[in-house]
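Visitor: Got a file for you: query_24.cif, mmCIF, C-alpha atoms.
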```cif
data_my_file
loop_
_atom_site.label_atom_id
_atom_site.label_comp_id
_atom_site.auth_asym_id
_atom_site.auth_seq_id
_atom_site.Cartn_x
_atom_site.Cartn_y
_atom_site.Cartn_z
CA MET A 78 -17.55 5.42 30.44
CA VAL A 79 -15.57 7.95 32.43
CA ILE A 80 -13.17 10.47 30.92
CA SER A 81 -10.15 8.98 32.70
CA GLU A 82 -10.50 5.94 30.42
CA ILE A 83 -10.03 7.90 27.18
CA CYS A 84 -7.98 10.98 28.06
CA THR A 85 -4.36 11.44 27.07
CA ARG A 86 -2.22 11.14 30.19
CA GLU A 87 1.00 12.60 28.79
CA VAL A 88 0.21 16.30 28.83
CA VAL A 89 2.56 19.00 27.57
CA THR A 90 2.60 21.80 30.14
CA CYS A 91 4.24 25.16 30.69
CA SER A 92 4.18 28.04 33.16
CA ARG A 93 2.48 31.39 32.67
CA ALA A 94 5.89 32.93 31.93
CA THR A 95 6.67 30.63 28.98
CA GLY A 96 7.29 32.68 25.83
CA VAL A 97 5.40 32.30 22.57
CA ARG A 98 8.46 31.05 20.69
CA GLU A 99 8.98 28.31 23.29
CA LEU A 100 5.27 27.39 23.13
CA ALA A 101 5.52 26.94 19.37
CA GLN A 102 8.66 24.83 19.76
CA LEU A 103 6.97 22.65 22.41
CA MET A 104 4.02 22.05 20.10
CA ARG A 105 6.31 21.20 17.20
CA ASP A 106 8.69 18.98 19.16
CA ARG A 107 5.95 17.11 21.04
CA HIS A 108 3.53 16.95 18.07
CA VAL A 109 0.61 18.53 19.93
CA GLY A 110 -1.86 21.30 19.20
CA ASP A 111 -2.09 22.61 22.74
CA VAL A 112 -0.06 23.26 25.85
CA VAL A 113 -1.71 23.36 29.27
CA VAL A 114 -0.57 26.29 31.41
CA VAL A 115 -0.12 25.20 35.01
CA ASP A 116 0.67 26.60 38.42
CA ARG A 117 2.27 24.37 41.03
CA ARG A 118 0.33 23.60 44.21
CA ASP A 119 2.04 21.31 46.71
CA GLY A 120 4.29 20.15 43.87
CA SER A 121 1.39 19.11 41.65
CA PRO A 122 0.46 20.81 38.38
CA VAL A 123 -2.89 22.62 38.51
CA PRO A 124 -4.25 23.82 35.15
CA VAL A 125 -4.89 27.56 34.95
CA GLY A 126 -5.10 27.96 31.18
CA ILE A 127 -4.51 26.42 27.81
CA VAL A 128 -2.79 27.75 24.69
CA THR A 129 -3.58 26.21 21.32
CA ASP A 130 -1.86 26.37 17.97
CA ARG A 131 -4.83 28.43 16.81
CA ASP A 132 -4.17 30.95 19.61
CA LEU A 133 -0.65 31.40 18.26
CA VAL A 134 -1.93 32.09 14.77
CA VAL A 135 -5.01 34.20 15.55
CA ARG A 136 -3.85 36.08 18.63
CA VAL A 137 -0.14 36.51 17.90
CA LEU A 138 0.86 36.10 14.27
CA ALA A 139 -2.26 37.61 12.67
CA LYS A 140 -2.08 40.61 15.01
CA ASP A 141 1.65 41.01 14.40
CA LEU A 142 2.42 40.94 18.15
CA ASP A 143 5.99 40.87 19.38
CA ILE A 144 6.69 37.15 19.56
CA ASP A 145 9.48 37.67 22.06
CA ALA A 146 7.32 39.71 24.45
CA ALA A 147 4.09 37.63 24.64
CA THR A 148 3.79 34.78 27.13
CA ALA A 149 1.48 31.85 27.77
CA GLY A 150 -0.11 33.90 30.54
CA ASP A 151 -1.03 36.56 27.97
CA LEU A 152 -2.63 34.05 25.62
CA MET A 153 -4.41 31.61 27.87
CA GLY A 154 -8.13 31.90 28.11
CA GLU A 155 -9.52 32.37 31.59
CA PRO A 156 -11.30 31.01 33.39
CA ILE A 157 -10.19 27.60 32.23
CA THR A 158 -12.80 24.91 31.79
CA THR A 159 -11.83 21.48 33.09
CA VAL A 160 -13.55 18.12 33.47
CA PHE A 161 -13.14 15.74 36.39
CA ASP A 162 -11.58 12.38 35.62
CA THR A 163 -14.70 10.72 37.06
CA GLU A 164 -17.14 12.54 34.77
CA GLY A 165 -18.69 10.83 31.78
CA ILE A 166 -18.33 11.46 28.07
CA ASP A 167 -21.70 13.24 28.03
CA ASP A 168 -20.42 15.69 30.66
CA ALA A 169 -17.30 16.46 28.62
CA ILE A 170 -19.39 16.97 25.49
CA TRP A 171 -21.66 19.34 27.42
CA HIS A 172 -18.66 21.39 28.64
CA MET A 173 -17.22 21.55 25.13
CA ARG A 174 -20.49 22.43 23.43
CA SER A 175 -21.57 25.03 25.99
CA ARG A 176 -18.22 26.84 25.81
CA GLY A 177 -17.30 26.22 22.16
CA ILE A 178 -14.03 24.45 22.94
CA ARG A 179 -12.41 21.28 21.61
CA ARG A 180 -10.00 20.40 24.42
CA LEU A 181 -10.46 19.97 28.15
CA PRO A 182 -7.82 19.47 30.79
CA VAL A 183 -8.80 16.53 32.99
CA VAL A 184 -8.38 17.00 36.74
CA ASP A 185 -8.64 14.81 39.80
CA ALA A 186 -10.78 15.55 42.86
CA HIS A 187 -8.09 17.93 44.17
CA GLY A 188 -7.85 19.92 40.92
CA GLY A 189 -4.54 18.35 39.90
CA LEU A 190 -3.90 17.83 36.20
CA CYS A 191 -4.12 14.20 35.14
CA GLY A 192 -4.80 14.39 31.42
CA VAL A 193 -6.39 16.13 28.45
CA VAL A 194 -9.43 14.98 26.50
CA THR A 195 -10.16 16.28 23.02
CA MET A 196 -13.12 16.25 20.71
CA ASP A 197 -11.19 13.72 18.60
CA ASP A 198 -10.72 11.40 21.60
CA ILE A 199 -14.44 11.42 22.27
CA ALA A 200 -15.40 11.01 18.60
CA ALA A 201 -13.05 8.02 18.25
CA ARG A 202 -14.55 6.34 21.31
CA LEU A 203 -18.13 6.97 20.18
CA ALA A 204 -17.31 5.67 16.68
CA THR A 205 -15.90 2.48 18.21
CA ASP A 206 -19.02 2.05 20.34
CA LEU A 207 -21.27 2.58 17.31
CA ALA A 208 -19.26 0.07 15.25
CA ASP A 209 -19.66 -2.47 18.07
CA MET A 210 -23.42 -1.87 18.06
CA VAL A 211 -23.62 -2.45 14.30
CA ARG A 212 -22.01 -5.87 14.78
CA ILE A 213 -25.01 -6.94 16.90
CA VAL A 214 -27.36 -7.23 13.92
CA PRO A 215 -25.55 -10.02 11.98
CA GLY A 216 -25.19 -12.02 15.19
CA GLN A 217 -28.87 -11.70 15.90
CA GLY A 218 -29.72 -12.97 12.41
CA ARG A 219 -27.52 -16.08 12.89
CA ARG A 220 -29.23 -16.84 16.19
CA GLU A 221 -32.65 -16.57 14.59
CA ARG A 222 -31.69 -18.83 11.66
CA LEU A 223 -30.36 -21.49 14.05
CA ALA A 224 -33.54 -21.32 16.11
CA LEU A 225 -35.66 -21.90 12.99
CA GLU A 226 -33.72 -24.94 11.69
CA PRO A 227 -35.63 -28.21 11.87
CA LEU A 228 -34.71 -30.38 14.78
CA GLY A 229 -32.07 -32.96 13.93
CA SER A 230 -32.48 -36.69 14.49
CA GLU A 231 -30.63 -36.46 17.77
CA ARG A 232 -33.20 -34.00 19.01
CA ARG A 233 -36.37 -35.94 18.05
CA VAL A 234 -38.70 -36.95 20.80
CA GLY A 235 -39.86 -40.59 21.08
CA GLY A 236 -37.43 -42.00 18.43
#
```
Transcribe the structure of this file into structure tokens.
Guide:
Amino acid sequence: MVISEICTREVVTCSRATGVRELAQLMRDRHVGDVVVVDRRDGSPVPVGIVTDRDLVVRVLAKDLDIDAATAGDLMGEPITTVFDTEGIDDAIWHMRSRGIRRLPVVDAHGGLCGVVTMDDIAARLATDLADMVRIVPGQGRRERLALEPLGSERRVGG
């Protein structure tokens, strides 16, 4: 399973110059917990950072920073960690675990933004896969019971 199959394709983005108040409004209006900060390269968005709702609380509100002066560029963590759309779930988990992050922008081979994958996206997919595996056991039992039934009259040899 590659990340492109489970990532969210509709990504909320902003520029480095986007103000904190606008970031908060974007998150509220679009019902998201993060905004990917992008630069434009040949007209395509290239992720350069990410700002989360937690960043707004911990790095702005709790420090009593001037909301009207701080920008996405001030808050975004660098260097950004991304995952290629062709990488597997295990790769994304490795990136998240090794860096202690819950969200990864998904990029194509040219570095262009094509989605975001979250810890929740991965957990939901793994839970679905595990539930599918659990359904194997009852089916196996039915097969075994059918195989052990006595042969019917239509199946007798020499009758």
Visitor: Pull out every residue that the PyMOL selection byres ((chain A and resi 179-189) around 7) matches in the shown coordinates and put them as a PyMOL selection string.
Guide: chain A and resi 121-123+158-162+173+177-178+190-196
Visitor: Name the residues that the PyMOL selection byres ((chain A and resi 100) around 10) pulls out of this structure, and write them as a list in words.
Guide: Val89, Thr90, Cys91, Thr95, Gly96, Val97, Arg98, Glu99, Ala101, Gln102, Leu103, Met104, Arg105, Asp106, Asp111, Val112, Val128, Thr129, Asp130, Leu133, Thr148 and Ala149 of chain A
Visitor: Please, what distance in Å, to one decimal, runs between atom CA of Ile127 of chain A and atom CA of Val114 of chain A?
Guide: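 If I compute the distance from atom CA of Ile127 of chain A to atom CA of Val114 of chain A, I get 5.3 Å.
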Visitor: Under the rule that only C-alpha atoms are counted, which of A:Met153, A:His172, A:Ala146, A:Asp119 is the nearest residue to Asp132 of chain A?
Guide: A:Met153
Visitor: Go through A:Val88, A:Val135, A:Met78, A:Ala208 one by one, measure the shortest atom-to-atom distance of each to Asp167 of chain A using all atoms listed in the file, and give the residue with the smallest value.
Guide: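 With all atoms listed in the file as the atom set, the closest residue is A:Met78.
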Visitor: In Å to one decimal, how far is atom CA of Ile80 of chain A from atom CA of Leu152 of chain A?
Guide: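 The value is 26.4 Å.
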Visitor: If you measure from atom CA of Gly154 of chain A to atom CA of Ser175 of chain A, what distance in Å do you get, rounded to one decimal?
Guide: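 Atom CA of Gly154 of chain A sits 15.2 Å away from atom CA of Ser175 of chain A.
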Visitor: Which residue out of A:Asp151, A:Gly165, A:Arg107, A:Ala200 has the minimum interatomic distance to Val137 of chain A when only C-alpha atoms are used?
Guide: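 Counting only C-alpha atoms, the residue closest to Val137 of chain A is A:Asp151.
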Visitor: So, counting only C-alpha atoms, which residue among A:Gly150, A:Gly110, A:Pro215, A:Pro156 is closest to Arg131 of chain A?
Guide: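 Comparing A:Gly150, A:Gly110, A:Pro215, A:Pro156 against Arg131 of chain A, the winner is A:Gly110.
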Visitor: Got a moment to write segment 173-213 of chain A out with N, CA and C atoms, as a PDB file, in the first residue's frame?
Guide:
```
ATOM      1  N   MET A 173       7.500   9.502  10.761  1.00  0.00           N
ATOM      2  CA  MET A 173       6.765  10.088  11.883  1.00  0.00           C
ATOM      3  C   MET A 173       7.415   9.724  13.213  1.00  0.00           C
ATOM      4  N   ARG A 174       7.718   8.457  13.384  1.00  0.00           N
ATOM      5  CA  ARG A 174       8.298   7.998  14.646  1.00  0.00           C
ATOM      6  C   ARG A 174       9.677   8.593  14.877  1.00  0.00           C
ATOM      7  N   SER A 175      10.517   8.615  13.846  1.00  0.00           N
ATOM      8  CA  SER A 175      11.889   9.099  14.027  1.00  0.00           C
ATOM      9  C   SER A 175      11.946  10.600  14.282  1.00  0.00           C
ATOM     10  N   ARG A 176      10.920  11.339  13.885  1.00  0.00           N
ATOM     11  CA  ARG A 176      10.931  12.788  14.066  1.00  0.00           C
ATOM     12  C   ARG A 176       9.882  13.278  15.065  1.00  0.00           C
ATOM     13  N   GLY A 177       9.076  12.358  15.585  1.00  0.00           N
ATOM     14  CA  GLY A 177       8.060  12.732  16.569  1.00  0.00           C
ATOM     15  C   GLY A 177       6.984  13.634  16.010  1.00  0.00           C
ATOM     16  N   ILE A 178       6.518  13.332  14.788  1.00  0.00           N
ATOM     17  CA  ILE A 178       5.485  14.154  14.157  1.00  0.00           C
ATOM     18  C   ILE A 178       4.285  13.293  13.776  1.00  0.00           C
ATOM     19  N   ARG A 179       3.139  13.946  13.617  1.00  0.00           N
ATOM     20  CA  ARG A 179       1.899  13.223  13.325  1.00  0.00           C
ATOM     21  C   ARG A 179       1.366  13.458  11.922  1.00  0.00           C
ATOM     22  N   ARG A 180       1.959  14.403  11.216  1.00  0.00           N
ATOM     23  CA  ARG A 180       1.473  14.763   9.883  1.00  0.00           C
ATOM     24  C   ARG A 180       2.645  14.863   8.929  1.00  0.00           C
ATOM     25  N   LEU A 181       2.436  14.413   7.704  1.00  0.00           N
ATOM     26  CA  LEU A 181       3.485  14.506   6.684  1.00  0.00           C
ATOM     27  C   LEU A 181       2.892  15.021   5.382  1.00  0.00           C
ATOM     28  N   PRO A 182       3.442  16.098   4.848  1.00  0.00           N
ATOM     29  CA  PRO A 182       3.056  16.458   3.487  1.00  0.00           C
ATOM     30  C   PRO A 182       3.535  15.355   2.536  1.00  0.00           C
ATOM     31  N   VAL A 183       2.719  15.062   1.551  1.00  0.00           N
ATOM     32  CA  VAL A 183       3.031  14.039   0.556  1.00  0.00           C
ATOM     33  C   VAL A 183       3.422  14.755  -0.726  1.00  0.00           C
ATOM     34  N   VAL A 184       4.576  14.370  -1.283  1.00  0.00           N
ATOM     35  CA  VAL A 184       5.085  15.031  -2.482  1.00  0.00           C
ATOM     36  C   VAL A 184       5.274  14.029  -3.606  1.00  0.00           C
ATOM     37  N   ASP A 185       5.266  14.567  -4.832  1.00  0.00           N
ATOM     38  CA  ASP A 185       5.551  13.725  -5.989  1.00  0.00           C
ATOM     39  C   ASP A 185       7.057  13.694  -6.236  1.00  0.00           C
ATOM     40  N   ALA A 186       7.465  13.046  -7.304  1.00  0.00           N
ATOM     41  CA  ALA A 186       8.891  12.878  -7.600  1.00  0.00           C
ATOM     42  C   ALA A 186       9.614  14.203  -7.798  1.00  0.00           C
ATOM     43  N   HIS A 187       8.883  15.266  -8.119  1.00  0.00           N
ATOM     44  CA  HIS A 187       9.480  16.581  -8.356  1.00  0.00           C
ATOM     45  C   HIS A 187       9.423  17.471  -7.116  1.00  0.00           C
ATOM     46  N   GLY A 188       8.901  16.945  -6.008  1.00  0.00           N
ATOM     47  CA  GLY A 188       8.799  17.720  -4.778  1.00  0.00           C
ATOM     48  C   GLY A 188       7.532  18.534  -4.663  1.00  0.00           C
ATOM     49  N   GLY A 189       6.622  18.393  -5.636  1.00  0.00           N
ATOM     50  CA  GLY A 189       5.364  19.127  -5.596  1.00  0.00           C
ATOM     51  C   GLY A 189       4.378  18.513  -4.617  1.00  0.00           C
ATOM     52  N   LEU A 190       3.655  19.359  -3.911  1.00  0.00           N
ATOM     53  CA  LEU A 190       2.683  18.913  -2.918  1.00  0.00           C
ATOM     54  C   LEU A 190       1.516  18.204  -3.594  1.00  0.00           C
ATOM     55  N   CYS A 191       1.193  17.011  -3.116  1.00  0.00           N
ATOM     56  CA  CYS A 191       0.030  16.315  -3.666  1.00  0.00           C
ATOM     57  C   CYS A 191      -0.905  15.778  -2.591  1.00  0.00           C
ATOM     58  N   GLY A 192      -0.570  16.002  -1.319  1.00  0.00           N
ATOM     59  CA  GLY A 192      -1.455  15.548  -0.265  1.00  0.00           C
ATOM     60  C   GLY A 192      -0.818  15.695   1.104  1.00  0.00           C
ATOM     61  N   VAL A 193      -1.555  15.231   2.109  1.00  0.00           N
ATOM     62  CA  VAL A 193      -1.063  15.164   3.483  1.00  0.00           C
ATOM     63  C   VAL A 193      -1.538  13.832   4.037  1.00  0.00           C
ATOM     64  N   VAL A 194      -0.656  13.160   4.767  1.00  0.00           N
ATOM     65  CA  VAL A 194      -1.041  11.927   5.449  1.00  0.00           C
ATOM     66  C   VAL A 194      -0.820  12.140   6.942  1.00  0.00           C
ATOM     67  N   THR A 195      -1.782  11.690   7.726  1.00  0.00           N
ATOM     68  CA  THR A 195      -1.698  11.862   9.175  1.00  0.00           C
ATOM     69  C   THR A 195      -1.624  10.508   9.863  1.00  0.00           C
ATOM     70  N   MET A 196      -1.255  10.560  11.125  1.00  0.00           N
ATOM     71  CA  MET A 196      -1.227   9.365  11.942  1.00  0.00           C
ATOM     72  C   MET A 196      -2.616   8.720  11.949  1.00  0.00           C
ATOM     73  N   ASP A 197      -3.663   9.523  11.988  1.00  0.00           N
ATOM     74  CA  ASP A 197      -5.031   8.997  11.979  1.00  0.00           C
ATOM     75  C   ASP A 197      -5.352   8.271  10.676  1.00  0.00           C
ATOM     76  N   ASP A 198      -4.887   8.817   9.539  1.00  0.00           N
ATOM     77  CA  ASP A 198      -5.105   8.160   8.244  1.00  0.00           C
ATOM     78  C   ASP A 198      -4.490   6.767   8.244  1.00  0.00           C
ATOM     79  N   ILE A 199      -3.270   6.685   8.749  1.00  0.00           N
ATOM     80  CA  ILE A 199      -2.553   5.410   8.763  1.00  0.00           C
ATOM     81  C   ILE A 199      -3.214   4.437   9.732  1.00  0.00           C
ATOM     82  N   ALA A 200      -3.573   4.913  10.925  1.00  0.00           N
ATOM     83  CA  ALA A 200      -4.220   4.053  11.914  1.00  0.00           C
ATOM     84  C   ALA A 200      -5.545   3.503  11.378  1.00  0.00           C
ATOM     85  N   ALA A 201      -6.318   4.337  10.696  1.00  0.00           N
ATOM     86  CA  ALA A 201      -7.597   3.891  10.140  1.00  0.00           C
ATOM     87  C   ALA A 201      -7.376   2.797   9.100  1.00  0.00           C
ATOM     88  N   ARG A 202      -6.380   2.987   8.253  1.00  0.00           N
ATOM     89  CA  ARG A 202      -6.104   1.972   7.223  1.00  0.00           C
ATOM     90  C   ARG A 202      -5.633   0.665   7.849  1.00  0.00           C
ATOM     91  N   LEU A 203      -4.730   0.751   8.826  1.00  0.00           N
ATOM     92  CA  LEU A 203      -4.238  -0.457   9.484  1.00  0.00           C
ATOM     93  C   LEU A 203      -5.360  -1.167  10.232  1.00  0.00           C
ATOM     94  N   ALA A 204      -6.254  -0.413  10.863  1.00  0.00           N
ATOM     95  CA  ALA A 204      -7.386  -1.016  11.569  1.00  0.00           C
ATOM     96  C   ALA A 204      -8.294  -1.756  10.591  1.00  0.00           C
ATOM     97  N   THR A 205      -8.521  -1.177   9.425  1.00  0.00           N
ATOM     98  CA  THR A 205      -9.328  -1.839   8.398  1.00  0.00           C
ATOM     99  C   THR A 205      -8.663  -3.132   7.951  1.00  0.00           C
ATOM    100  N   ASP A 206      -7.359  -3.077   7.719  1.00  0.00           N
ATOM    101  CA  ASP A 206      -6.626  -4.277   7.304  1.00  0.00           C
ATOM    102  C   ASP A 206      -6.687  -5.360   8.375  1.00  0.00           C
ATOM    103  N   LEU A 207      -6.544  -4.973   9.649  1.00  0.00           N
ATOM    104  CA  LEU A 207      -6.621  -5.947  10.737  1.00  0.00           C
ATOM    105  C   LEU A 207      -8.027  -6.549  10.835  1.00  0.00           C
ATOM    106  N   ALA A 208      -9.047  -5.735  10.678  1.00  0.00           N
ATOM    107  CA  ALA A 208     -10.423  -6.241  10.715  1.00  0.00           C
ATOM    108  C   ALA A 208     -10.654  -7.234   9.580  1.00  0.00           C
ATOM    109  N   ASP A 209     -10.106  -6.959   8.409  1.00  0.00           N
ATOM    110  CA  ASP A 209     -10.219  -7.895   7.286  1.00  0.00           C
ATOM    111  C   ASP A 209      -9.530  -9.218   7.605  1.00  0.00           C
ATOM    112  N   MET A 210      -8.382  -9.144   8.278  1.00  0.00           N
ATOM    113  CA  MET A 210      -7.670 -10.365   8.644  1.00  0.00           C
ATOM    114  C   MET A 210      -8.471 -11.198   9.638  1.00  0.00           C
ATOM    115  N   VAL A 211      -9.131 -10.549  10.584  1.00  0.00           N
ATOM    116  CA  VAL A 211      -9.921 -11.261  11.582  1.00  0.00           C
ATOM    117  C   VAL A 211     -11.068 -12.025  10.917  1.00  0.00           C
ATOM    118  N   ARG A 212     -11.579 -11.528   9.821  1.00  0.00           N
ATOM    119  CA  ARG A 212     -12.683 -12.189   9.118  1.00  0.00           C
ATOM    120  C   ARG A 212     -12.242 -13.479   8.427  1.00  0.00           C
ATOM    121  N   ILE A 213     -10.949 -13.716   8.331  1.00  0.00           N
ATOM    122  CA  ILE A 213     -10.441 -14.938   7.701  1.00  0.00           C
ATOM    123  C   ILE A 213     -10.801 -16.165   8.543  1.00  0.00           C
TER     124      ILE A 213
END
```
